[in-house]
>>> print(open('input_27.json').read())   # JSON, C-alpha atoms
[["chain", "number", "residue", "atom", "x", "y", "z"],
["Z", 1, "MET", "CA", 80.50, -18.36, 51.63],
["Z", 2, "TYR", "CA", 81.25, -15.11, 49.86],
["Z", 3, "THR", "CA", 80.69, -11.72, 51.46],
["Z", 4, "TYR", "CA", 79.10, -8.91, 49.47],
["Z", 5, "GLN", "CA", 82.48, -7.39, 48.59],
["Z", 6, "GLN", "CA", 83.83, -10.73, 47.32],
["Z", 7, "VAL", "CA", 80.78, -11.29, 45.16],
["Z", 8, "THR", "CA", 80.77, -7.83, 43.60],
["Z", 9, "ALA", "CA", 84.51, -8.05, 42.93],
["Z", 10, "ARG", "CA", 83.87, -11.08, 40.74],
["Z", 11, "LEU", "CA", 81.04, -9.63, 38.70],
["Z", 12, "MET", "CA", 81.91, -8.33, 35.26],
["Z", 13, "PRO", "CA", 80.90, -4.73, 34.41],
["Z", 14, "SER", "CA", 78.48, -6.00, 31.77],
["Z", 15, "GLU", "CA", 76.43, -7.66, 34.49],
["Z", 16, "VAL", "CA", 75.30, -4.36, 35.93],
["Z", 17, "GLN", "CA", 74.48, -2.73, 32.62],
["Z", 18, "PRO", "CA", 70.76, -3.67, 32.58],
["Z", 19, "ASP", "CA", 70.09, -1.41, 35.58],
["Z", 20, "GLN", "CA", 72.11, 1.40, 34.06],
["Z", 21, "GLN", "CA", 70.34, 1.00, 30.73],
["Z", 22, "ALA", "CA", 66.96, 1.10, 32.45],
["Z", 23, "CYS", "CA", 67.93, 4.40, 34.08],
["Z", 24, "LYS", "CA", 69.23, 5.80, 30.79],
["Z", 25, "THR", "CA", 65.99, 4.88, 29.06],
["Z", 26, "HIS", "CA", 63.94, 6.74, 31.65],
["Z", 27, "LEU", "CA", 66.13, 9.81, 31.58],
["Z", 28, "THR", "CA", 66.21, 10.13, 27.79],
["Z", 29, "GLY", "CA", 62.48, 9.63, 27.44],
["Z", 30, "LYS", "CA", 62.86, 6.60, 25.16],
["Z", 31, "THR", "CA", 60.44, 3.71, 25.30],
["Z", 32, "MET", "CA", 61.61, 1.40, 28.05],
["Z", 33, "ASN", "CA", 61.85, -2.32, 27.53],
["Z", 34, "VAL", "CA", 59.53, -4.04, 29.98],
["Z", 35, "LEU", "CA", 61.21, -6.73, 32.06],
["Z", 36, "LYS", "CA", 59.23, -9.92, 32.56],
["Z", 37, "VAL", "CA", 58.97, -11.09, 36.17],
["Z", 38, "GLY", "CA", 58.31, -14.67, 37.25],
["Z", 39, "ILE", "CA", 57.46, -15.62, 40.81],
["Z", 40, "ALA", "CA", 58.37, -18.97, 42.36],
["Z", 41, "GLY", "CA", 56.04, -19.53, 45.29],
["Z", 42, "PHE", "CA", 52.60, -18.03, 45.82],
["Z", 43, "GLY", "CA", 52.44, -17.88, 49.60],
["Z", 44, "THR", "CA", 52.70, -14.97, 52.02],
["Z", 45, "ILE", "CA", 55.44, -13.14, 50.08],
["Z", 46, "GLY", "CA", 54.89, -14.27, 46.51],
["Z", 47, "ALA", "CA", 51.16, -13.58, 46.41],
["Z", 48, "HIS", "CA", 51.62, -10.03, 47.72],
["Z", 49, "VAL", "CA", 54.36, -9.32, 45.18],
["Z", 50, "ALA", "CA", 52.17, -10.70, 42.39],
["Z", 51, "ASP", "CA", 49.23, -8.54, 43.47],
["Z", 52, "VAL", "CA", 51.34, -5.38, 43.25],
["Z", 53, "LEU", "CA", 52.84, -6.35, 39.90],
["Z", 54, "ASP", "CA", 49.36, -6.96, 38.54],
["Z", 55, "GLN", "CA", 48.33, -3.48, 39.70],
["Z", 56, "GLY", "CA", 51.25, -2.13, 37.70],
["Z", 57, "ILE", "CA", 54.89, -1.13, 38.10],
["Z", 58, "ASN", "CA", 56.36, 0.80, 35.16],
["Z", 59, "GLY", "CA", 59.01, -1.25, 33.43],
["Z", 60, "LEU", "CA", 57.89, -4.58, 34.90],
["Z", 61, "SER", "CA", 55.25, -7.13, 33.98],
["Z", 62, "LEU", "CA", 54.07, -10.26, 35.76],
["Z", 63, "ALA", "CA", 54.79, -13.02, 33.23],
["Z", 64, "ALA", "CA", 54.52, -16.35, 35.05],
["Z", 65, "ILE", "CA", 54.06, -18.00, 38.44],
["Z", 66, "HIS", "CA", 55.16, -21.33, 39.86],
["Z", 67, "THR", "CA", 53.19, -22.76, 42.75],
["Z", 68, "ARG", "CA", 52.52, -26.16, 44.25],
["Z", 69, "SER", "CA", 48.97, -25.12, 45.17],
["Z", 70, "GLU", "CA", 47.42, -24.25, 41.85],
["Z", 71, "ALA", "CA", 43.73, -24.12, 42.85],
["Z", 72, "PRO", "CA", 44.14, -21.40, 45.56],
["Z", 73, "ALA", "CA", 46.45, -19.48, 43.22],
["Z", 74, "ARG", "CA", 43.89, -19.50, 40.41],
["Z", 75, "ASP", "CA", 41.21, -18.30, 42.83],
["Z", 76, "ARG", "CA", 43.36, -15.38, 43.94],
["Z", 77, "MET", "CA", 44.34, -14.49, 40.38],
["Z", 78, "ALA", "CA", 40.76, -14.55, 39.13],
["Z", 79, "SER", "CA", 40.53, -10.79, 39.64],
["Z", 80, "TYR", "CA", 43.89, -10.00, 37.99],
["Z", 81, "ARG", "CA", 43.83, -7.63, 35.07],
["Z", 82, "GLN", "CA", 45.68, -10.09, 32.86],
["Z", 83, "ALA", "CA", 45.84, -13.88, 32.92],
["Z", 84, "VAL", "CA", 49.12, -15.24, 34.28],
["Z", 85, "PRO", "CA", 50.25, -18.77, 33.39],
["Z", 86, "LEU", "CA", 51.20, -21.27, 36.09],
["Z", 87, "VAL", "CA", 54.42, -22.98, 35.01],
["Z", 88, "ALA", "CA", 57.16, -25.34, 36.17],
["Z", 89, "THR", "CA", 60.29, -23.87, 37.75],
["Z", 90, "ASP", "CA", 62.45, -24.41, 34.67],
["Z", 91, "GLU", "CA", 59.86, -22.57, 32.56],
["Z", 92, "LEU", "CA", 60.37, -19.46, 34.69],
["Z", 93, "ALA", "CA", 63.96, -19.31, 33.47],
["Z", 94, "LEU", "CA", 62.83, -19.60, 29.85],
["Z", 95, "GLN", "CA", 60.04, -17.04, 29.98],
["Z", 96, "CYS", "CA", 61.22, -14.38, 32.45],
["Z", 97, "ASP", "CA", 64.01, -11.84, 32.83],
["Z", 98, "ILE", "CA", 63.70, -11.70, 36.61],
["Z", 99, "ILE", "CA", 62.77, -14.60, 38.87],
["Z", 100, "VAL", "CA", 61.57, -13.85, 42.41],
["Z", 101, "ASP", "CA", 62.27, -16.77, 44.74],
["Z", 102, "CYS", "CA", 59.64, -17.13, 47.47],
["Z", 103, "LEU", "CA", 59.88, -20.89, 48.04],
["Z", 104, "PRO", "CA", 61.16, -22.74, 51.13],
["Z", 105, "LYS", "CA", 64.90, -23.22, 51.48],
["Z", 106, "GLN", "CA", 64.85, -26.81, 50.24],
["Z", 107, "ALA", "CA", 63.35, -25.70, 46.90],
["Z", 108, "PHE", "CA", 65.80, -22.83, 46.40],
["Z", 109, "ARG", "CA", 68.29, -24.56, 44.14],
["Z", 110, "GLY", "CA", 65.63, -25.97, 41.83],
["Z", 111, "VAL", "CA", 64.50, -22.43, 41.05],
["Z", 112, "VAL", "CA", 67.77, -20.52, 41.09],
["Z", 113, "GLU", "CA", 70.09, -22.87, 39.21],
["Z", 114, "PRO", "CA", 68.14, -22.95, 35.90],
["Z", 115, "ALA", "CA", 67.60, -19.20, 36.16],
["Z", 116, "LEU", "CA", 71.32, -18.52, 36.47],
["Z", 117, "LEU", "CA", 72.16, -20.99, 33.71],
["Z", 118, "ALA", "CA", 69.91, -18.87, 31.49],
["Z", 119, "GLY", "CA", 71.66, -15.66, 32.60],
["Z", 120, "ARG", "CA", 68.64, -14.35, 34.49],
["Z", 121, "THR", "CA", 68.39, -12.13, 37.56],
["Z", 122, "VAL", "CA", 67.17, -13.81, 40.74],
["Z", 123, "VAL", "CA", 65.66, -11.83, 43.62],
["Z", 124, "THR", "CA", 65.37, -13.69, 46.94],
["Z", 125, "VAL", "CA", 65.05, -13.08, 50.67],
["Z", 126, "SER", "CA", 66.46, -16.49, 51.55],
["Z", 127, "GLY", "CA", 69.87, -15.67, 52.94],
["Z", 128, "ALA", "CA", 69.92, -19.07, 54.64],
["Z", 129, "ALA", "CA", 69.51, -20.81, 51.28],
["Z", 130, "LEU", "CA", 72.31, -18.72, 49.79],
["Z", 131, "LEU", "CA", 74.65, -19.81, 52.56],
["Z", 132, "ALA", "CA", 73.79, -23.44, 51.86],
["Z", 133, "ASN", "CA", 74.26, -23.05, 48.08],
["Z", 134, "ASP", "CA", 77.19, -20.68, 47.81],
["Z", 135, "ASP", "CA", 78.46, -22.36, 44.63],
["Z", 136, "LEU", "CA", 75.60, -20.66, 42.79],
["Z", 137, "VAL", "CA", 77.58, -17.42, 42.95],
["Z", 138, "GLU", "CA", 80.19, -18.98, 40.65],
["Z", 139, "LEU", "CA", 77.38, -20.15, 38.38],
["Z", 140, "ALA", "CA", 76.10, -16.57, 38.16],
["Z", 141, "VAL", "CA", 79.57, -15.32, 37.23],
["Z", 142, "LYS", "CA", 80.02, -18.01, 34.58],
["Z", 143, "HIS", "CA", 76.68, -17.50, 32.84],
["Z", 144, "GLY", "CA", 76.11, -13.77, 33.31],
["Z", 145, "GLY", "CA", 73.33, -14.23, 35.85],
["Z", 146, "ARG", "CA", 72.77, -12.21, 38.98],
["Z", 147, "ILE", "CA", 71.57, -12.92, 42.52],
["Z", 148, "ILE", "CA", 70.01, -10.09, 44.53],
["Z", 149, "LEU", "CA", 69.39, -10.72, 48.21],
["Z", 150, "ALA", "CA", 66.61, -8.30, 49.16],
["Z", 151, "THR", "CA", 66.82, -6.63, 52.56],
["Z", 152, "GLY", "CA", 63.73, -8.47, 53.75],
["Z", 153, "ALA", "CA", 62.66, -8.00, 57.36],
["Z", 154, "LEU", "CA", 65.79, -6.07, 58.26],
["Z", 155, "LEU", "CA", 67.37, -2.65, 58.27],
["Z", 156, "GLY", "CA", 70.83, -1.19, 58.03],
["Z", 157, "LEU", "CA", 72.38, -3.45, 55.37],
["Z", 158, "ASP", "CA", 73.55, -0.30, 53.58],
["Z", 159, "ALA", "CA", 75.49, 0.78, 56.66],
["Z", 160, "ILE", "CA", 76.97, -2.69, 57.19],
["Z", 161, "ARG", "CA", 78.05, -2.93, 53.54],
["Z", 162, "ALA", "CA", 79.64, 0.52, 53.76],
["Z", 163, "ALA", "CA", 81.46, -0.38, 56.98],
["Z", 164, "ALA", "CA", 82.74, -3.57, 55.35],
["Z", 165, "GLU", "CA", 84.61, -1.45, 52.82],
["Z", 166, "GLY", "CA", 86.81, -0.62, 55.80],
["Z", 167, "THR", "CA", 87.32, -2.90, 58.81],
["Z", 168, "ILE", "CA", 84.51, -4.33, 60.90],
["Z", 169, "HIS", "CA", 85.65, -5.56, 64.30],
["Z", 170, "SER", "CA", 82.46, -7.30, 65.38],
["Z", 171, "VAL", "CA", 78.82, -7.83, 64.50],
["Z", 172, "ASN", "CA", 76.35, -9.05, 67.13],
["Z", 173, "MET", "CA", 72.69, -9.75, 66.54],
["Z", 174, "VAL", "CA", 69.83, -10.62, 68.88],
["Z", 175, "THR", "CA", 66.52, -11.89, 67.53],
["Z", 176, "ARG", "CA", 63.41, -12.06, 69.70],
["Z", 177, "LYS", "CA", 60.22, -13.63, 68.38],
["Z", 178, "PRO", "CA", 56.89, -14.73, 69.80],
["Z", 179, "PRO", "CA", 57.24, -18.46, 70.49],
["Z", 180, "ARG", "CA", 54.67, -19.38, 67.83],
["Z", 181, "SER", "CA", 56.92, -17.80, 65.19],
["Z", 182, "LEU", "CA", 59.68, -20.33, 65.93],
["Z", 183, "ARG", "CA", 57.62, -23.52, 65.90],
["Z", 184, "GLY", "CA", 59.00, -26.27, 63.72],
["Z", 185, "ALA", "CA", 62.58, -24.97, 63.61],
["Z", 186, "PRO", "CA", 65.03, -27.87, 63.10],
["Z", 187, "HIS", "CA", 67.30, -26.66, 65.93],
["Z", 188, "LEU", "CA", 64.45, -26.89, 68.43],
["Z", 189, "GLU", "CA", 63.46, -30.38, 67.32],
["Z", 190, "THR", "CA", 67.03, -31.69, 67.17],
["Z", 191, "ASN", "CA", 67.85, -30.42, 70.65],
["Z", 192, "GLY", "CA", 64.49, -31.20, 72.25],
["Z", 193, "ILE", "CA", 63.79, -27.56, 73.13],
["Z", 194, "SER", "CA", 60.17, -26.83, 74.01],
["Z", 195, "ILE", "CA", 58.78, -23.34, 73.51],
["Z", 196, "GLU", "CA", 55.22, -24.14, 74.51],
["Z", 197, "ASN", "CA", 53.52, -22.28, 77.36],
["Z", 198, "LEU", "CA", 56.51, -20.06, 78.12],
["Z", 199, "SER", "CA", 56.01, -17.50, 80.87],
["Z", 200, "GLU", "CA", 59.37, -15.75, 80.38],
["Z", 201, "PRO", "CA", 61.91, -15.34, 77.56],
["Z", 202, "LEU", "CA", 63.94, -18.43, 76.67],
["Z", 203, "ARG", "CA", 67.21, -18.24, 74.77],
["Z", 204, "VAL", "CA", 67.02, -21.08, 72.25],
["Z", 205, "PHE", "CA", 70.24, -20.42, 70.34],
["Z", 206, "LYS", "CA", 73.63, -18.77, 70.82],
["Z", 207, "GLY", "CA", 76.36, -19.08, 68.24],
["Z", 208, "ASN", "CA", 77.29, -17.80, 64.81],
["Z", 209, "ALA", "CA", 74.87, -16.74, 62.08],
["Z", 210, "LEU", "CA", 75.79, -19.66, 59.83],
["Z", 211, "ASP", "CA", 74.69, -22.23, 62.42],
["Z", 212, "GLY", "CA", 71.67, -20.08, 63.29],
["Z", 213, "ALA", "CA", 70.53, -19.93, 59.68],
["Z", 214, "THR", "CA", 70.92, -23.71, 59.43],
["Z", 215, "GLY", "CA", 68.95, -24.38, 62.60],
["Z", 216, "PHE", "CA", 66.25, -21.80, 61.91],
["Z", 217, "PRO", "CA", 66.04, -21.62, 58.08],
["Z", 218, "ALA", "CA", 62.53, -20.15, 58.03],
["Z", 219, "ASN", "CA", 63.13, -17.64, 60.80],
["Z", 220, "VAL", "CA", 66.50, -15.91, 60.62],
["Z", 221, "ASN", "CA", 67.25, -15.20, 56.97],
["Z", 222, "VAL", "CA", 68.02, -11.77, 58.39],
["Z", 223, "ALA", "CA", 71.06, -13.15, 60.23],
["Z", 224, "ALA", "CA", 72.36, -14.70, 57.02],
["Z", 225, "ALA", "CA", 71.90, -11.38, 55.23],
["Z", 226, "VAL", "CA", 73.82, -9.53, 57.95],
["Z", 227, "GLY", "CA", 76.65, -12.03, 57.61],
["Z", 228, "LEU", "CA", 76.76, -11.73, 53.84],
["Z", 229, "ALA", "CA", 76.76, -7.93, 54.00],
["Z", 230, "GLY", "CA", 79.48, -7.72, 56.63],
["Z", 231, "ILE", "CA", 82.20, -10.04, 57.93],
["Z", 232, "GLY", "CA", 80.69, -13.37, 56.97],
["Z", 233, "ALA", "CA", 78.12, -15.55, 58.69],
["Z", 234, "ARG", "CA", 80.73, -17.51, 60.66],
["Z", 235, "ASN", "CA", 82.03, -14.31, 62.26],
["Z", 236, "THR", "CA", 78.61, -12.81, 62.97],
["Z", 237, "GLN", "CA", 77.38, -13.63, 66.47],
["Z", 238, "LEU", "CA", 73.71, -14.43, 66.97],
["Z", 239, "GLU", "CA", 71.28, -15.06, 69.80],
["Z", 240, "ILE", "CA", 67.70, -16.21, 69.26],
["Z", 241, "TRP", "CA", 65.05, -15.85, 71.96],
["Z", 242, "ALA", "CA", 61.54, -17.23, 72.17],
["Z", 243, "ASP", "CA", 59.93, -14.35, 74.03],
["Z", 244, "PRO", "CA", 56.26, -14.47, 75.09],
["Z", 245, "SER", "CA", 56.42, -10.77, 76.05],
["Z", 246, "VAL", "CA", 56.87, -9.57, 72.44],
["Z", 247, "THR", "CA", 54.22, -9.41, 69.75],
["Z", 248, "ARG", "CA", 56.56, -8.50, 66.91],
["Z", 249, "ASN", "CA", 59.57, -10.19, 65.36],
["Z", 250, "THR", "CA", 62.41, -8.07, 66.73],
["Z", 251, "HIS", "CA", 66.02, -7.88, 65.53],
["Z", 252, "THR", "CA", 68.79, -5.83, 67.15],
["Z", 253, "ILE", "CA", 72.16, -5.51, 65.44],
["Z", 254, "LYS", "CA", 75.32, -3.98, 66.93],
["Z", 255, "VAL", "CA", 78.27, -3.21, 64.68],
["Z", 256, "ASP", "CA", 81.72, -2.03, 65.77],
["Z", 257, "ALA", "CA", 83.91, -0.89, 62.87],
["Z", 258, "ASP", "CA", 86.84, 1.43, 62.26],
["Z", 259, "SER", "CA", 84.47, 3.84, 60.47],
["Z", 260, "ALA", "CA", 81.51, 3.80, 62.85],
["Z", 261, "ARG", "CA", 79.83, 2.12, 65.77],
["Z", 262, "PHE", "CA", 76.08, 1.69, 65.42],
["Z", 263, "GLU", "CA", 73.12, -0.20, 66.80],
["Z", 264, "MET", "CA", 69.81, -0.84, 65.02],
["Z", 265, "THR", "CA", 66.53, -2.39, 66.13],
["Z", 266, "ILE", "CA", 63.51, -3.27, 64.02],
["Z", 267, "GLU", "CA", 60.18, -4.62, 65.26],
["Z", 268, "ASN", "CA", 58.31, -6.31, 62.42],
["Z", 269, "VAL", "CA", 54.58, -6.93, 62.41],
["Z", 270, "PRO", "CA", 54.09, -10.66, 61.67],
["Z", 271, "SER", "CA", 52.02, -11.65, 58.65],
["Z", 272, "GLU", "CA", 48.60, -13.03, 59.46],
["Z", 273, "SER", "CA", 49.05, -16.10, 57.28],
["Z", 274, "ASN", "CA", 52.60, -16.85, 58.45],
["Z", 275, "PRO", "CA", 53.71, -15.39, 61.81],
["Z", 276, "GLY", "CA", 57.33, -16.31, 61.06],
["Z", 277, "THR", "CA", 57.39, -13.80, 58.20],
["Z", 278, "GLY", "CA", 57.12, -10.06, 58.77],
["Z", 279, "LYS", "CA", 54.76, -7.98, 56.65],
["Z", 280, "ILE", "CA", 57.67, -5.81, 55.57],
["Z", 281, "THR", "CA", 59.41, -8.72, 53.82],
["Z", 282, "ALA", "CA", 57.15, -8.72, 50.78],
["Z", 283, "LEU", "CA", 57.35, -4.92, 50.66],
["Z", 284, "SER", "CA", 61.14, -5.20, 50.57],
["Z", 285, "VAL", "CA", 60.95, -7.47, 47.52],
["Z", 286, "ILE", "CA", 58.65, -4.99, 45.79],
["Z", 287, "ALA", "CA", 61.05, -2.14, 46.57],
["Z", 288, "THR", "CA", 63.92, -4.21, 45.17],
["Z", 289, "LEU", "CA", 62.04, -4.81, 41.92],
["Z", 290, "ARG", "CA", 61.21, -1.12, 41.57],
["Z", 291, "ALA", "CA", 64.89, -0.23, 42.04],
["Z", 292, "LEU", "CA", 65.79, -2.37, 39.02],
["Z", 293, "VAL", "CA", 63.90, -0.07, 36.65],
["Z", 294, "GLN", "CA", 63.70, 3.33, 38.36],
["Z", 295, "PRO", "CA", 66.01, 6.20, 37.30],
["Z", 296, "LEU", "CA", 66.67, 7.19, 40.92],
["Z", 297, "LYS", "CA", 67.93, 4.69, 43.48],
["Z", 298, "VAL", "CA", 68.10, 5.79, 47.12],
["Z", 299, "GLY", "CA", 70.55, 3.86, 49.26],
["Z", 300, "THR", "CA", 73.77, 1.99, 48.57]]
>>> encode(input="input_27.json", output="structure tokens")
Amino acid sequence: MYTYQQVTARLMPSEVQPDQQACKTHLTGKTMNVLKVGIAGFGTIGAHVADVLDQGINGLSLAAIHTRSEAPARDRMASYRQAVPLVATDELALQCDIIVDCLPKQAFRGVVEPALLAGRTVVTVSGAALLANDDLVELAVKHGGRIILATGALLGLDAIRAAAEGTIHSVNMVTRKPPRSLRGAPHLETNGISIENLSEPLRVFKGNALDGATGFPANVNVAAAVGLAGIGARNTQLEIWADPSVTRNTHTIKVDADSARFEMTIENVPSESNPGTGKITALSVIATLRALVQPLKVGT
């Protein structure tokens, strides 16, 4: 799987021009072209992003949504200012400039591949799905598409990416989650690990981030993102704990590089509808979308 530096080295200069043009349009006072946004998945993340887009973000419009649960989606969208069509995944690529992927890992390719074939921009938080479908990077290069992995429920990717411009010696990550947040993870089921009625923390995984993302695809997209930003998922060490003493999804990252040594911890409030997803994840996607059209971008 490519690291961030390998991916950006392969992108042609023309592929970053839309962002630059958006900034130029703001700064010169010209009328800005509005980018059409499509959302694949209308669950915890997708519905929140759609709500904010409906309320209004300059330079962006909510153009289409794909969901497998159309009736609940129509109920939620009944109060939207403008009607939004529900479409198939391939229609998103035809109708939208930007596609936000909020579907489970197994549906990732069905959304992203047609979008990249059409030269669209894809925004996702599924680092685990990117690791499993790394050939899509070549597809983006070939067709002028773009994949943006939003920070999601994490912090410090800017610092890791900067450190990777030099030499990173090691990256170690420890994730602690309330046991209910880890239920249904393939690694637990495959290895017969029970996390029910725990009275003390239980380490359920120790290994590299690639294997962790495979075994916990709905839980540790953050580990995949750390690997992609730094020295690769295979070289990023990861521990996952089911911890009944914590109420928040907690990630601690330690980086040792020739430019800096740093440690970061984030404690994310779980979403009410999906305890495996932090509330900040949807906010990260919204911030990513804003950065595509704003004249000032803060951070690497």
>>> closest_residue(input="input_27.json", among="Z:Gly38, Z:Pro104, Z:Gly276, Z:Gly166", to="Ile231 (chain Z)", atoms="all atoms listed in the file")
Z:Gly166
>>> residues_around(input="input_27.json", residues="Leu136 (chain Z)", least_positions_apart="4", cutoff="9 Å", atoms="only C-alpha atoms", output="list in words")
Arg109, Val112, Glu113, Leu116, Leu130, Ala140, Val141 and Ile147 of chain Z
>>> closest_residue(input="input_27.json", among="Z:Arg203, Z:Ala162, Z:His48, Z:Ala40", to="Ile280 (chain Z)", atoms="only C-alpha atoms")
Z:His48
>>> atom_distance(input="input_27.json", atom1="CA of Gly59 (chain Z)", atom2="CA of Thr288 (chain Z)")
13.1 Å
>>> residues_around(input="input_27.json", residues="Leu131 (chain Z)", least_positions_apart="3", cutoff="8 Å", atoms="only C-alpha atoms", output="list in words")
Met1, Gly127, Ala128, Asp134, Leu210 and Ala224 of chain Z
>>> closest_residue(input="input_27.json", among="Z:Asp211, Z:Asp135, Z:Glu263, Z:Asp54", to="Asn235 (chain Z)", atoms="all atoms listed in the file")
Z:Asp211
>>> closest_residue(input="input_27.json", among="Z:Thr252, Z:Gln294, Z:Gln95, Z:Thr190", to="Lys177 (chain Z)", atoms="all atoms listed in the file")
Z:Thr252
>>> closest_residue(input="input_27.json", among="Z:Asn249, Z:Thr281, Z:Ser61, Z:Ser194", to="Val37 (chain Z)", atoms="all atoms listed in the file")
Z:Ser61
>>> atom_distance(input="input_27.json", atom1="CA of Lys36 (chain Z)", atom2="CA of Leu154 (chain Z)")
26.8 Å
>>> residues_around(input="input_27.json", residues="Asp258 (chain Z)", least_positions_apart="6", cutoff="10 Å", atoms="all atoms listed in the file", output="PyMOL selection string")
chain Z and resi 163-164+166-169
>>> residues_around(input="input_27.json", residues="Gly46 (chain Z)", least_positions_apart="6", cutoff="12 Å", atoms="all atoms listed in the file", output="PyMOL selection string")
chain Z and resi 37-40+52-53+62+64-67+73+76+99-104+123-125+277+279+281-286
>>> residues_near_point(input="input_27.json", point="(74.7, -19.1, 33.6)", cutoff="12 Å", atoms="all atoms listed in the file", output="list of chain:residue names")
Z:Glu15, Z:Ala93, Z:Val112, Z:Glu113, Z:Pro114, Z:Ala115, Z:Leu116, Z:Leu117, Z:Ala118, Z:Gly119, Z:Arg120, Z:Thr121, Z:Val122, Z:Leu136, Z:Val137, Z:Glu138, Z:Leu139, Z:Ala140, Z:Val141, Z:Lys142, Z:His143, Z:Gly144, Z:Gly145, Z:Arg146, Z:Ile147
>>> atom_distance(input="input_27.json", atom1="CA of Gly43 (chain Z)", atom2="CA of Gly110 (chain Z)")
17.3 Å
>>> residues_around(input="input_27.json", residues="Gly207 (chain Z)", least_positions_apart="3", cutoff="9 Å", atoms="all atoms listed in the file", output="PyMOL selection string")
chain Z and resi 210-212+234+236-239
>>> closest_residue(input="input_27.json", among="Z:Gly232, Z:Gly152, Z:Pro275, Z:Gly227", to="Pro179 (chain Z)", atoms="only C-alpha atoms")
Z:Pro275
>>> residues_near_point(input="input_27.json", point="(44.5, -6.9, 32.0)", cutoff="12 Å", atoms="all atoms listed in the file", output="number ranges by chain")
Z: 53-56, 61-62, 77-84
